[in-house]
Structure formats: C-alpha cells, structure tokens
Amino acid sequence: MPDLVHFQWFKVPKLDLFFIKLIKRKNIKIVFTAHNVMPHNTGNKYFYDFKKIYEFVNRIVARTDKTKEEIISVFGINSNKIQVIPHGILDLNAYKNTPFKPKDTAKDKEVVFSMLGNLGGYKEIDSLIDAWSGFNY
C-alpha cells in the first residue's frame, strides 16, 4: 500500500473525487498539483467539485504565487496546505534570441521532441515550432 498518491490533473472531477475519498479511507496521503485553479475553458462548471477536492487532499502544489492566492481566496483553503513550486520556463519569449548549439558528436546532435497533454493556445506550441525552424541540423 503506498504512503502517498500524487495527482497531476483530474480528467473527470466527480469521479476523481470519489477515488480521492476511497484513497483517504486507506489513510494514504494525497498531493495534488494545481497547474491552474480550475480546468481551462470550463468556467464554474466544476467549482464545487474542486472545492471538495482542495478540501480533501492533504497538500496542494501550486505553480505560481498567484495560483496559490487564488485557491486561498476563492476556495477558502488554508495557506499552510499549499506549497508553491515554480513551473519552470513559462516565458518562451525570454529565450527567443538564444541560439541552439548542438554538441560535437553525432549522437549528441540527435533531437528528441515530445509533447504531453491537451494542446491549447496558452502552451505556445506555435512559438516552439517557430523556434524549431531556426535549428540547423
């Protein structure tokens, strides 16, 4: 039996909440990474589900201070329950003029690209494609 379960996102919040409750009954700690306060483009559709989710999980990882503050103000969650761990590079424009410099060996020149998740305009895949076109292979 695990000591902890970490959720990165919830696909079907009502069903996910059911499983969270089952997991909690087994005295397993639950951590949820809140990439956003609510799922994209859903308005308040899942407000009550997420309120319960935020209340049930043991810890919440927020990617920004703004997300943490929104969860506190909108859902009334105690700030001690939320830890901010920055997402990393969110501003691709900050690196637009940084040239790509491959290493010397043929193996090190291999480029592997992967994308996981739903594609949305906010992920700026178009910026990645523009940057990719400037690479010399």
# chains A, B, ... in the order shown; residues from 1 in each chain; ligands from 1
call {"tool": "residues_around", "arguments": {"residues": "segment 9-26 of chain A", "least_positions_apart": "4", "cutoff": "9 Å", "atoms": "only C-alpha atoms", "output": "mmCIF file with all heavy atoms, in the first residue's frame"}}
result
data_model
loop_
_atom_site.group_PDB
_atom_site.id
_atom_site.type_symbol
_atom_site.label_atom_id
_atom_site.label_comp_id
_atom_site.auth_asym_id
_atom_site.auth_seq_id
_atom_site.Cartn_x
_atom_site.Cartn_y
_atom_site.Cartn_z
ATOM 1 N N MET A 1 0.856 -1.173 0.000
ATOM 2 C CA MET A 1 0.000 0.000 0.000
ATOM 3 C C MET A 1 0.904 1.239 0.000
ATOM 4 O O MET A 1 1.813 1.351 0.817
ATOM 5 C CB MET A 1 -0.874 -0.030 1.244
ATOM 6 C CG MET A 1 -1.988 0.961 1.256
ATOM 7 S SD MET A 1 -3.432 0.587 0.271
ATOM 8 C CE MET A 1 -4.021 -0.920 0.970
ATOM 9 N N VAL A 5 -0.232 9.377 -2.722
ATOM 10 C CA VAL A 5 -0.610 9.388 -4.132
ATOM 11 C C VAL A 5 -0.576 10.843 -4.586
ATOM 12 O O VAL A 5 -1.098 11.729 -3.913
ATOM 13 C CB VAL A 5 -2.028 8.800 -4.357
ATOM 14 C CG1 VAL A 5 -2.457 8.965 -5.807
ATOM 15 C CG2 VAL A 5 -2.067 7.331 -3.957
ATOM 16 N N ILE A 30 -2.644 12.399 0.090
ATOM 17 C CA ILE A 30 -2.885 12.792 -1.297
ATOM 18 C C ILE A 30 -2.328 14.191 -1.538
ATOM 19 O O ILE A 30 -2.601 15.118 -0.781
ATOM 20 C CB ILE A 30 -4.390 12.779 -1.628
ATOM 21 C CG1 ILE A 30 -4.951 11.361 -1.421
ATOM 22 C CG2 ILE A 30 -4.630 13.240 -3.060
ATOM 23 C CD1 ILE A 30 -6.450 11.278 -1.557
ATOM 24 N N PHE A 32 -1.979 17.088 -4.674
ATOM 25 C CA PHE A 32 -2.497 17.490 -5.984
ATOM 26 C C PHE A 32 -1.705 18.681 -6.484
ATOM 27 O O PHE A 32 -1.539 19.670 -5.780
ATOM 28 C CB PHE A 32 -3.984 17.858 -5.889
ATOM 29 C CG PHE A 32 -4.536 18.498 -7.129
ATOM 30 C CD1 PHE A 32 -4.398 17.881 -8.372
ATOM 31 C CD2 PHE A 32 -5.195 19.704 -7.070
ATOM 32 C CE1 PHE A 32 -4.907 18.471 -9.519
ATOM 33 C CE2 PHE A 32 -5.716 20.307 -8.209
ATOM 34 C CZ PHE A 32 -5.572 19.673 -9.439
ATOM 35 N N THR A 33 -1.198 18.597 -7.712
ATOM 36 C CA THR A 33 -0.539 19.735 -8.343
ATOM 37 C C THR A 33 -1.590 20.531 -9.099
ATOM 38 O O THR A 33 -2.164 20.045 -10.073
ATOM 39 C CB THR A 33 0.582 19.283 -9.292
ATOM 40 O OG1 THR A 33 1.591 18.633 -8.528
ATOM 41 C CG2 THR A 33 1.198 20.473 -10.018
ATOM 42 N N ALA A 34 -1.843 21.741 -8.625
ATOM 43 C CA ALA A 34 -2.819 22.628 -9.250
ATOM 44 C C ALA A 34 -2.104 23.462 -10.299
ATOM 45 O O ALA A 34 -1.550 24.508 -10.002
ATOM 46 C CB ALA A 34 -3.483 23.516 -8.200
ATOM 47 N N HIS A 35 -2.096 22.967 -11.513
ATOM 48 C CA HIS A 35 -1.466 23.719 -12.605
ATOM 49 C C HIS A 35 -2.237 25.009 -12.854
ATOM 50 O O HIS A 35 -1.665 26.011 -13.238
ATOM 51 C CB HIS A 35 -1.414 22.871 -13.876
ATOM 52 C CG HIS A 35 -0.543 21.663 -13.726
ATOM 53 N ND1 HIS A 35 0.803 21.689 -13.970
ATOM 54 C CD2 HIS A 35 -0.821 20.405 -13.331
ATOM 55 C CE1 HIS A 35 1.314 20.499 -13.741
ATOM 56 N NE2 HIS A 35 0.348 19.699 -13.360
ATOM 57 N N PRO A 39 -9.990 23.828 -14.249
ATOM 58 C CA PRO A 39 -9.645 23.387 -15.605
ATOM 59 C C PRO A 39 -9.929 24.477 -16.636
ATOM 60 O O PRO A 39 -10.883 25.239 -16.491
ATOM 61 C CB PRO A 39 -10.569 22.186 -15.830
ATOM 62 C CG PRO A 39 -10.987 21.744 -14.471
ATOM 63 C CD PRO A 39 -10.981 22.973 -13.610
ATOM 64 N N TYR A 46 -17.039 23.148 -12.647
ATOM 65 C CA TYR A 46 -16.501 22.200 -11.672
ATOM 66 C C TYR A 46 -16.162 22.862 -10.330
ATOM 67 O O TYR A 46 -15.396 22.319 -9.546
ATOM 68 C CB TYR A 46 -15.251 21.521 -12.237
ATOM 69 C CG TYR A 46 -15.521 20.730 -13.489
ATOM 70 C CD1 TYR A 46 -15.003 21.136 -14.716
ATOM 71 C CD2 TYR A 46 -16.308 19.582 -13.446
ATOM 72 C CE1 TYR A 46 -15.250 20.412 -15.866
ATOM 73 C CE2 TYR A 46 -16.557 18.852 -14.591
ATOM 74 C CZ TYR A 46 -16.036 19.277 -15.798
ATOM 75 O OH TYR A 46 -16.283 18.557 -16.933
ATOM 76 N N ASP A 49 -16.887 20.701 -7.226
ATOM 77 C CA ASP A 49 -16.018 19.519 -7.232
ATOM 78 C C ASP A 49 -14.604 19.895 -6.795
ATOM 79 O O ASP A 49 -13.987 19.212 -5.977
ATOM 80 C CB ASP A 49 -15.972 18.889 -8.630
ATOM 81 C CG ASP A 49 -17.327 18.374 -9.075
ATOM 82 O OD1 ASP A 49 -18.072 17.849 -8.228
ATOM 83 O OD2 ASP A 49 -17.641 18.509 -10.269
ATOM 84 N N PHE A 50 -14.087 20.992 -7.331
ATOM 85 C CA PHE A 50 -12.726 21.397 -6.978
ATOM 86 C C PHE A 50 -12.648 21.923 -5.547
ATOM 87 O O PHE A 50 -11.635 21.734 -4.879
ATOM 88 C CB PHE A 50 -12.154 22.395 -7.995
ATOM 89 C CG PHE A 50 -11.445 21.691 -9.107
ATOM 90 C CD1 PHE A 50 -12.155 21.129 -10.147
ATOM 91 C CD2 PHE A 50 -10.070 21.537 -9.094
ATOM 92 C CE1 PHE A 50 -11.517 20.436 -11.165
ATOM 93 C CE2 PHE A 50 -9.409 20.858 -10.090
ATOM 94 C CZ PHE A 50 -10.145 20.299 -11.132
ATOM 95 N N LYS A 52 -14.307 20.697 -3.063
ATOM 96 C CA LYS A 52 -14.202 19.464 -2.262
ATOM 97 C C LYS A 52 -12.843 18.800 -2.440
ATOM 98 O O LYS A 52 -12.253 18.311 -1.484
ATOM 99 C CB LYS A 52 -15.331 18.504 -2.622
ATOM 100 C CG LYS A 52 -16.675 18.978 -2.127
ATOM 101 C CD LYS A 52 -17.770 18.014 -2.504
ATOM 102 C CE LYS A 52 -19.114 18.546 -2.021
ATOM 103 N NZ LYS A 52 -20.217 17.681 -2.404
ATOM 104 N N ILE A 53 -12.343 18.787 -3.671
ATOM 105 C CA ILE A 53 -11.025 18.196 -3.921
ATOM 106 C C ILE A 53 -9.964 18.931 -3.107
ATOM 107 O O ILE A 53 -9.146 18.311 -2.421
ATOM 108 C CB ILE A 53 -10.693 18.218 -5.433
ATOM 109 C CG1 ILE A 53 -11.532 17.172 -6.164
ATOM 110 C CG2 ILE A 53 -9.201 17.998 -5.667
ATOM 111 C CD1 ILE A 53 -11.473 17.258 -7.687
ATOM 112 N N PHE A 56 -10.215 17.931 0.481
ATOM 113 C CA PHE A 56 -9.872 16.553 0.794
ATOM 114 C C PHE A 56 -8.393 16.240 0.699
ATOM 115 O O PHE A 56 -7.877 15.428 1.477
ATOM 116 C CB PHE A 56 -10.645 15.579 -0.105
ATOM 117 C CG PHE A 56 -11.965 15.167 0.464
ATOM 118 C CD1 PHE A 56 -13.125 15.799 0.070
ATOM 119 C CD2 PHE A 56 -12.057 14.147 1.406
ATOM 120 C CE1 PHE A 56 -14.348 15.435 0.588
ATOM 121 C CE2 PHE A 56 -13.264 13.774 1.938
ATOM 122 C CZ PHE A 56 -14.428 14.409 1.527
ATOM 123 N N VAL A 57 -7.694 16.832 -0.271
ATOM 124 C CA VAL A 57 -6.276 16.479 -0.429
ATOM 125 C C VAL A 57 -5.474 17.003 0.764
ATOM 126 O O VAL A 57 -5.853 17.973 1.403
ATOM 127 C CB VAL A 57 -5.694 17.003 -1.760
ATOM 128 C CG1 VAL A 57 -6.426 16.401 -2.950
ATOM 129 C CG2 VAL A 57 -5.685 18.510 -1.834
#
call {"tool": "residues_around", "arguments": {"residues": "Glu70 of chain A", "least_positions_apart": "4", "cutoff": "12 Å", "atoms": "only C-alpha atoms", "output": "list of chain:residue names"}}
result
A:Ala34, A:Asn36, A:Val37, A:Met38, A:Ala62, A:Arg63, A:Thr64, A:Asp65, A:Lys66, A:Val74, A:Phe75, A:Gly76, A:Ile77, A:Asn78, A:Ser79, A:Ile82
call {"tool": "atom_distance", "arguments": {"atom1": "atom CA of Ile28 of chain A", "atom2": "atom CA of Leu4 of chain A"}}
result
5.4 Å
call {"tool": "select_by_dssp", "arguments": {"residues": "segment 9-47 of chain A", "states": "helix (DSSP H, G or I)", "output": "VMD selection string"}}
result
chain A and resid 13 to 25 47
call {"tool": "atom_distance", "arguments": {"atom1": "atom CA of Lys123 of chain A", "atom2": "atom CA of Asn41 of chain A"}}
result
13.9 Å
call {"tool": "atom_distance", "arguments": {"atom1": "atom CA of Thr67 of chain A", "atom2": "atom CA of Thr42 of chain A"}}
result
16.6 Å
